[in-house]
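A.B. asks: This structure is in structure tokens; I'll ask about it shortly.
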There are 2 protein chains.
Amino acid sequence: MELLWAHTDSAPPRPLPLNRNDRIQRMVTLSSQDSLPKTFDLKGYLSDRQQRVEAALDGALPVVYPETIYESMRYSLLAGGKRLRPVLCLATCELMGGAEPMAMATACALEMIHTMSLIHDDLPAMDNDDYRRGKLTNHKVYGDDVAILAGDALLAYAFEHVACKTVGVPPERILRVVAGLGRAVGAEGLVGGQVVDLASEGNPDITVETLTYIHTHKTGALLEISVTAGAILAGADEAAISTLSDYAKCIGLAFQIVDDVLDITATSEELGKSAGKDLVAQKATYPSLWGIEESRRQAQQLIDQAKAAVAPLGSGSQPLLALADYIVARTH
Amino acid sequence: MELLWAHTDSAPPRPLPLNRNDRIQRMVTLSSQDSLPKTFDLKGYLSDRQQRVEAALDGALPVVYPETIYESMRYSLLAGGKRLRPVLCLATCELMGGAEPMAMATACALEMIHTMSLIHDDLPAMDNDDYRRGKLTNHKVYGDDVAILAGDALLAYAFEHVACKTVGVPPERILRVVAGLGRAVGAEGLVGGQVVDLASEGNPDITVETLTYIHTHKTGALLEISVTAGAILAGADEAAISTLSDYAKCIGLAFQIVDDVLDITATSEELGKSAGKDLVAQKATYPSLWGIEESRRQAQQLIDQAKAAVAPLGSGSQPLLALADYIVARTH
């Protein structure tokens, strides 16, 4: 079975060009991971970054009149979660020599956008979920109307926040990030993936290509801009941004494959949401197309590919290497 | 009865400071409208600008895979309408010496944002409207799920479009417009007004202050950035932007008062949507608080104030003067 490659453009996925594989192979040969220290403390790193992101998110959204909408926005935005997107954004900014204030507004915006997508996904008109991260979903607490508006406000605020609160970055780079965020959320990204996902519901016979389209857009596009935005803000060159984009595409798809596997193998308690939903919904997933073992193998192969892409960037890439491993090893 | 003033900050409306009235009065004395030619062809002007905006909107959103979402976005975006926000944006850009390509992307973005708000407003979870501009509402054609996503995608695309397609404007000005658009849509603007509106439903006893909060946020905030964005993009100085902001606040509130009056006095056919909805919903409106005649008088007074604000800007302000008159004289 050929290894999948994540695409975030609007065309259906194409096979990975050979010269790209060759390039990655060459990079691995030139600079093996073995030359990097093996003692990176991912847990401490994640905990530190997550705390800083929590504090920034908390500070970004004070409650003022009309309180209901701010409370609703904060209810979902501050409901925990891994903060993977902000952490990735901060990591690539640092990797490319940037300081945290350059990327923190974008890191927060990524979480606002992600939260918006979750609030709207959970609505009765969409996935109709009552629980998310072990808490009642936004519309179960505030009503469908306020939940729709809270999502809209979070999305709008994400762009405002990037435009107003990014520190020490030339405006043309900030504009590039604004454009990238817009593309990642809209019909070319997250929403496009959602629509194909909705259209594929109740059809367990969709192809791997369609499934991959769904995931590279529904989750992959936002992960990709999470990774590249940090580098763009730090002033990285196009080659480095492209390398990081490759890394992001691989971990994005691996993340989704692992998600599909966990939906089968993990308990609802572990997930903080209903497990086994895909099976109940007769939804096509990677495990339903490939089986669990092959899905795990593909995820691992994508993670290896992601790590090979960024290893040549030097010891600063350690957080990205560790995060890639974390994605495939996680249990929830 | 004291004349209302539209506020778009998050505090409850305050009475208009006397020195601002004085300033406007002085401007009228210094440069009366009588010195301007009276033969401005608003109909021709509107028709020309509307056609250009239609063409730009059409070109901005081609249909690609997955077609459903693009069709849904285009269904509402290209459903006609007065294109008041884009026309205002183009008008102030021109007034301040800017060329059309500087403002057209923002003009389109304003209509995308406005359309998003209409699609989401019409949802069963919100106003539950079946018709808009004489056509079935988005969710009646595409389903609630796709309608929610089409709104999200239009909102995201608006920011992307401004960031990518604005021509000949320094990036810091574009970023200021991005920030202004975000603020106008979010909890400090449109969404904030919506939430207070929802909370006031079925309560015909709300105060004029609350009603004014609703409208200065729900419709006023986006109208204000429509007017100021054109000037910002053209490089206008802060004094001119502030004058235009005053103009926008006045016409924004007048527009809403006229809307409330038309809901009572116009037929559904004239409006292209259900008439008399506010009465049926026992909704507080300006006519319900003031009566129809006083509402009309207040609207006219705001329009006079708006015109007095921009008249000193010279003969280039003719479209703004004519648009102000048009708002209060319109029948649908």
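Simple scheme: letters A, B, ... for chains in structure tokens order, numbers from 1 for residues in each chain, numbers from 1 for ligands in the order shown.
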List the spatial neighbours of Arg330 in chain A as a ChimeraX atom specification - criterion: any atom at most 12 Å away, only C-alpha atoms, same-chain residues fewer than 3 positions off excluded.
C.D. replies: /A:82,254-259,261-262,265-266,270-271,296,299,322-327
A.B. asks: Based on the selection just made, write N, CA and C atoms of those residues as a PDB file, in the first residue's frame.
C.D. replies:
ATOM      1  N   LYS A  82      -5.523  20.149  24.321  1.00  0.00           N
ATOM      2  CA  LYS A  82      -4.073  19.979  24.268  1.00  0.00           C
ATOM      3  C   LYS A  82      -3.336  21.237  23.816  1.00  0.00           C
ATOM      4  N   ALA A 254      -1.466  11.916  10.097  1.00  0.00           N
ATOM      5  CA  ALA A 254      -1.206  10.910  11.132  1.00  0.00           C
ATOM      6  C   ALA A 254      -2.123  11.129  12.327  1.00  0.00           C
ATOM      7  N   PHE A 255      -2.278  12.382  12.711  1.00  0.00           N
ATOM      8  CA  PHE A 255      -3.149  12.742  13.830  1.00  0.00           C
ATOM      9  C   PHE A 255      -4.559  12.204  13.596  1.00  0.00           C
ATOM     10  N   GLN A 256      -5.045  12.369  12.370  1.00  0.00           N
ATOM     11  CA  GLN A 256      -6.413  11.942  12.070  1.00  0.00           C
ATOM     12  C   GLN A 256      -6.530  10.424  12.048  1.00  0.00           C
ATOM     13  N   ILE A 257      -5.524   9.759  11.496  1.00  0.00           N
ATOM     14  CA  ILE A 257      -5.547   8.294  11.482  1.00  0.00           C
ATOM     15  C   ILE A 257      -5.589   7.780  12.919  1.00  0.00           C
ATOM     16  N   VAL A 258      -4.749   8.380  13.773  1.00  0.00           N
ATOM     17  CA  VAL A 258      -4.718   7.980  15.183  1.00  0.00           C
ATOM     18  C   VAL A 258      -6.074   8.265  15.841  1.00  0.00           C
ATOM     19  N   ASP A 259      -6.678   9.407  15.502  1.00  0.00           N
ATOM     20  CA  ASP A 259      -8.010   9.734  16.024  1.00  0.00           C
ATOM     21  C   ASP A 259      -9.022   8.656  15.663  1.00  0.00           C
ATOM     22  N   VAL A 261      -8.413   5.553  14.934  1.00  0.00           N
ATOM     23  CA  VAL A 261      -8.088   4.325  15.665  1.00  0.00           C
ATOM     24  C   VAL A 261      -8.576   4.430  17.109  1.00  0.00           C
ATOM     25  N   LEU A 262      -8.320   5.603  17.719  1.00  0.00           N
ATOM     26  CA  LEU A 262      -8.717   5.787  19.116  1.00  0.00           C
ATOM     27  C   LEU A 262     -10.234   5.715  19.276  1.00  0.00           C
ATOM     28  N   THR A 265     -10.561   2.068  19.746  1.00  0.00           N
ATOM     29  CA  THR A 265      -9.840   1.349  20.798  1.00  0.00           C
ATOM     30  C   THR A 265      -9.931   2.005  22.174  1.00  0.00           C
ATOM     31  N   ALA A 266     -10.219   3.313  22.237  1.00  0.00           N
ATOM     32  CA  ALA A 266     -10.227   3.998  23.532  1.00  0.00           C
ATOM     33  C   ALA A 266     -11.634   4.017  24.120  1.00  0.00           C
ATOM     34  N   GLU A 270     -11.590   8.003  28.433  1.00  0.00           N
ATOM     35  CA  GLU A 270     -10.262   8.419  27.980  1.00  0.00           C
ATOM     36  C   GLU A 270     -10.352   9.575  26.987  1.00  0.00           C
ATOM     37  N   LEU A 271     -11.339   9.514  26.097  1.00  0.00           N
ATOM     38  CA  LEU A 271     -11.449  10.507  25.032  1.00  0.00           C
ATOM     39  C   LEU A 271     -12.071  11.815  25.507  1.00  0.00           C
ATOM     40  N   ARG A 296      -2.315   1.963  11.971  1.00  0.00           N
ATOM     41  CA  ARG A 296      -1.222   2.344  12.882  1.00  0.00           C
ATOM     42  C   ARG A 296       0.114   2.416  12.142  1.00  0.00           C
ATOM     43  N   ALA A 299       0.197   5.557  10.069  1.00  0.00           N
ATOM     44  CA  ALA A 299       0.405   6.734  10.924  1.00  0.00           C
ATOM     45  C   ALA A 299       1.878   6.840  11.311  1.00  0.00           C
ATOM     46  N   ALA A 322       9.572  15.611  18.933  1.00  0.00           N
ATOM     47  CA  ALA A 322       8.894  15.008  20.076  1.00  0.00           C
ATOM     48  C   ALA A 322       7.369  15.104  19.921  1.00  0.00           C
ATOM     49  N   LEU A 323       6.898  16.244  19.376  1.00  0.00           N
ATOM     50  CA  LEU A 323       5.456  16.402  19.162  1.00  0.00           C
ATOM     51  C   LEU A 323       4.942  15.391  18.139  1.00  0.00           C
ATOM     52  N   ALA A 324       5.743  15.125  17.127  1.00  0.00           N
ATOM     53  CA  ALA A 324       5.344  14.139  16.120  1.00  0.00           C
ATOM     54  C   ALA A 324       5.179  12.765  16.774  1.00  0.00           C
ATOM     55  N   ASP A 325       6.160  12.381  17.602  1.00  0.00           N
ATOM     56  CA  ASP A 325       6.057  11.098  18.314  1.00  0.00           C
ATOM     57  C   ASP A 325       4.835  11.070  19.224  1.00  0.00           C
ATOM     58  N   TYR A 326       4.590  12.193  19.876  1.00  0.00           N
ATOM     59  CA  TYR A 326       3.478  12.302  20.826  1.00  0.00           C
ATOM     60  C   TYR A 326       2.137  12.051  20.124  1.00  0.00           C
ATOM     61  N   ILE A 327       2.020  12.576  18.908  1.00  0.00           N
ATOM     62  CA  ILE A 327       0.754  12.437  18.173  1.00  0.00           C
ATOM     63  C   ILE A 327       0.402  10.972  17.953  1.00  0.00           C
TER      64      ILE A 327
END
A.B. asks: Show me which bits of chain B are within 6 Å of chain A, counting only C-alpha atoms, as a PyMOL selection string.
C.D. replies: chain B and resi 125-126+144-145+153+156-157+160+163+171-172+175+179+182+186-187
A.B. asks: What gap, in Å, lies between CA of Glu224 in chain A and CA of Ala91 in chain A?
C.D. replies: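 Interatomic distance, CA of Glu224 in chain A to CA of Ala91 in chain A: 13.1 Å.
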A.B. asks: Considering only C-alpha atoms, can you say which of B:Thr106, B:Thr39, B:Thr137, B:Thr210 comes closest to Leu222 in chain B?
C.D. replies: B:Thr106
A.B. asks: CA of Ser200 in chain A to CA of His215 in chain A: how many Å, to one decimal?
C.D. replies: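 Taking CA of Ser200 in chain A and CA of His215 in chain A, their separation equals 12.4 Å.
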A.B. asks: As an mmCIF file with N, CA, C and O atoms, in the first residue's frame, list the residues of range 85-326 of chain A assigned to strand (DSSP E) by DSSP on the backbone atoms of this structure.
C.D. replies:
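Ended up saving to selection_24.cif:
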data_model
loop_
_atom_site.group_PDB
_atom_site.id
_atom_site.type_symbol
_atom_site.label_atom_id
_atom_site.label_comp_id
_atom_site.auth_asym_id
_atom_site.auth_seq_id
_atom_site.Cartn_x
_atom_site.Cartn_y
_atom_site.Cartn_z
ATOM 1 N N TYR A 131 -21.551 16.363 24.552
ATOM 2 C CA TYR A 131 -20.348 16.501 25.389
ATOM 3 C C TYR A 131 -19.118 16.736 24.524
ATOM 4 O O TYR A 131 -18.998 16.216 23.427
ATOM 5 N N ARG A 132 -18.203 17.498 25.080
ATOM 6 C CA ARG A 132 -16.928 17.787 24.421
ATOM 7 C C ARG A 132 -15.919 17.992 25.531
ATOM 8 O O ARG A 132 -16.161 18.768 26.457
ATOM 9 N N LYS A 135 -17.177 17.986 29.047
ATOM 10 C CA LYS A 135 -18.121 19.016 29.507
ATOM 11 C C LYS A 135 -19.295 19.105 28.526
ATOM 12 O O LYS A 135 -19.173 18.721 27.361
ATOM 13 N N LEU A 136 -20.419 19.625 29.010
ATOM 14 C CA LEU A 136 -21.534 19.868 28.098
ATOM 15 C C LEU A 136 -21.061 20.772 26.958
ATOM 16 O O LEU A 136 -20.246 21.674 27.172
#
A.B. asks: As a PyMOL selection string, please: the residues near Met96 in chain B (cut-off 12 Å, only C-alpha atoms, same-chain neighbours under 4 positions excluded).
C.D. replies: chain B and resi 89-92+100+102-103+227-241+244+310+313-317
A.B. asks: If you run DSSP on the backbone here, which positions in range 92-219 of chain B get alpha helix (DSSP H)? Please write them as number ranges by chain.
C.D. replies: B: 92-95, 100-122, 138-142, 144-165, 171-185, 190-199, 208-215
A.B. asks: If you measure from CA of Asp197 in chain B to CA of Asp58 in chain A, what distance in Å do you get, rounded to one decimal?
C.D. replies: 26.5 Å
A.B. asks: Hey, what's within 12 Å of Ala79 in chain A if we count only C-alpha atoms and toss same-chain stuff fewer than 2 positions away? As a ChimeraX atom specification, please?
C.D. replies: /A:54,57-58,71-77,81-83,111-112,115,118-119,131-138,272
A.B. asks: Need the shell around Gln298 in chain B: protein/DNA/RNA residues with any atom at most 12 Å away, counting only C-alpha atoms. Skip same-chain ones fewer than 4 positions apart. Format as JSON, numbers by chain?
C.D. replies: {"B": [1, 2, 3, 4, 5, 250, 251, 253, 254, 255, 256, 257, 258, 261, 286, 287, 290, 291, 292, 293, 294, 302, 303, 304, 305, 328]}
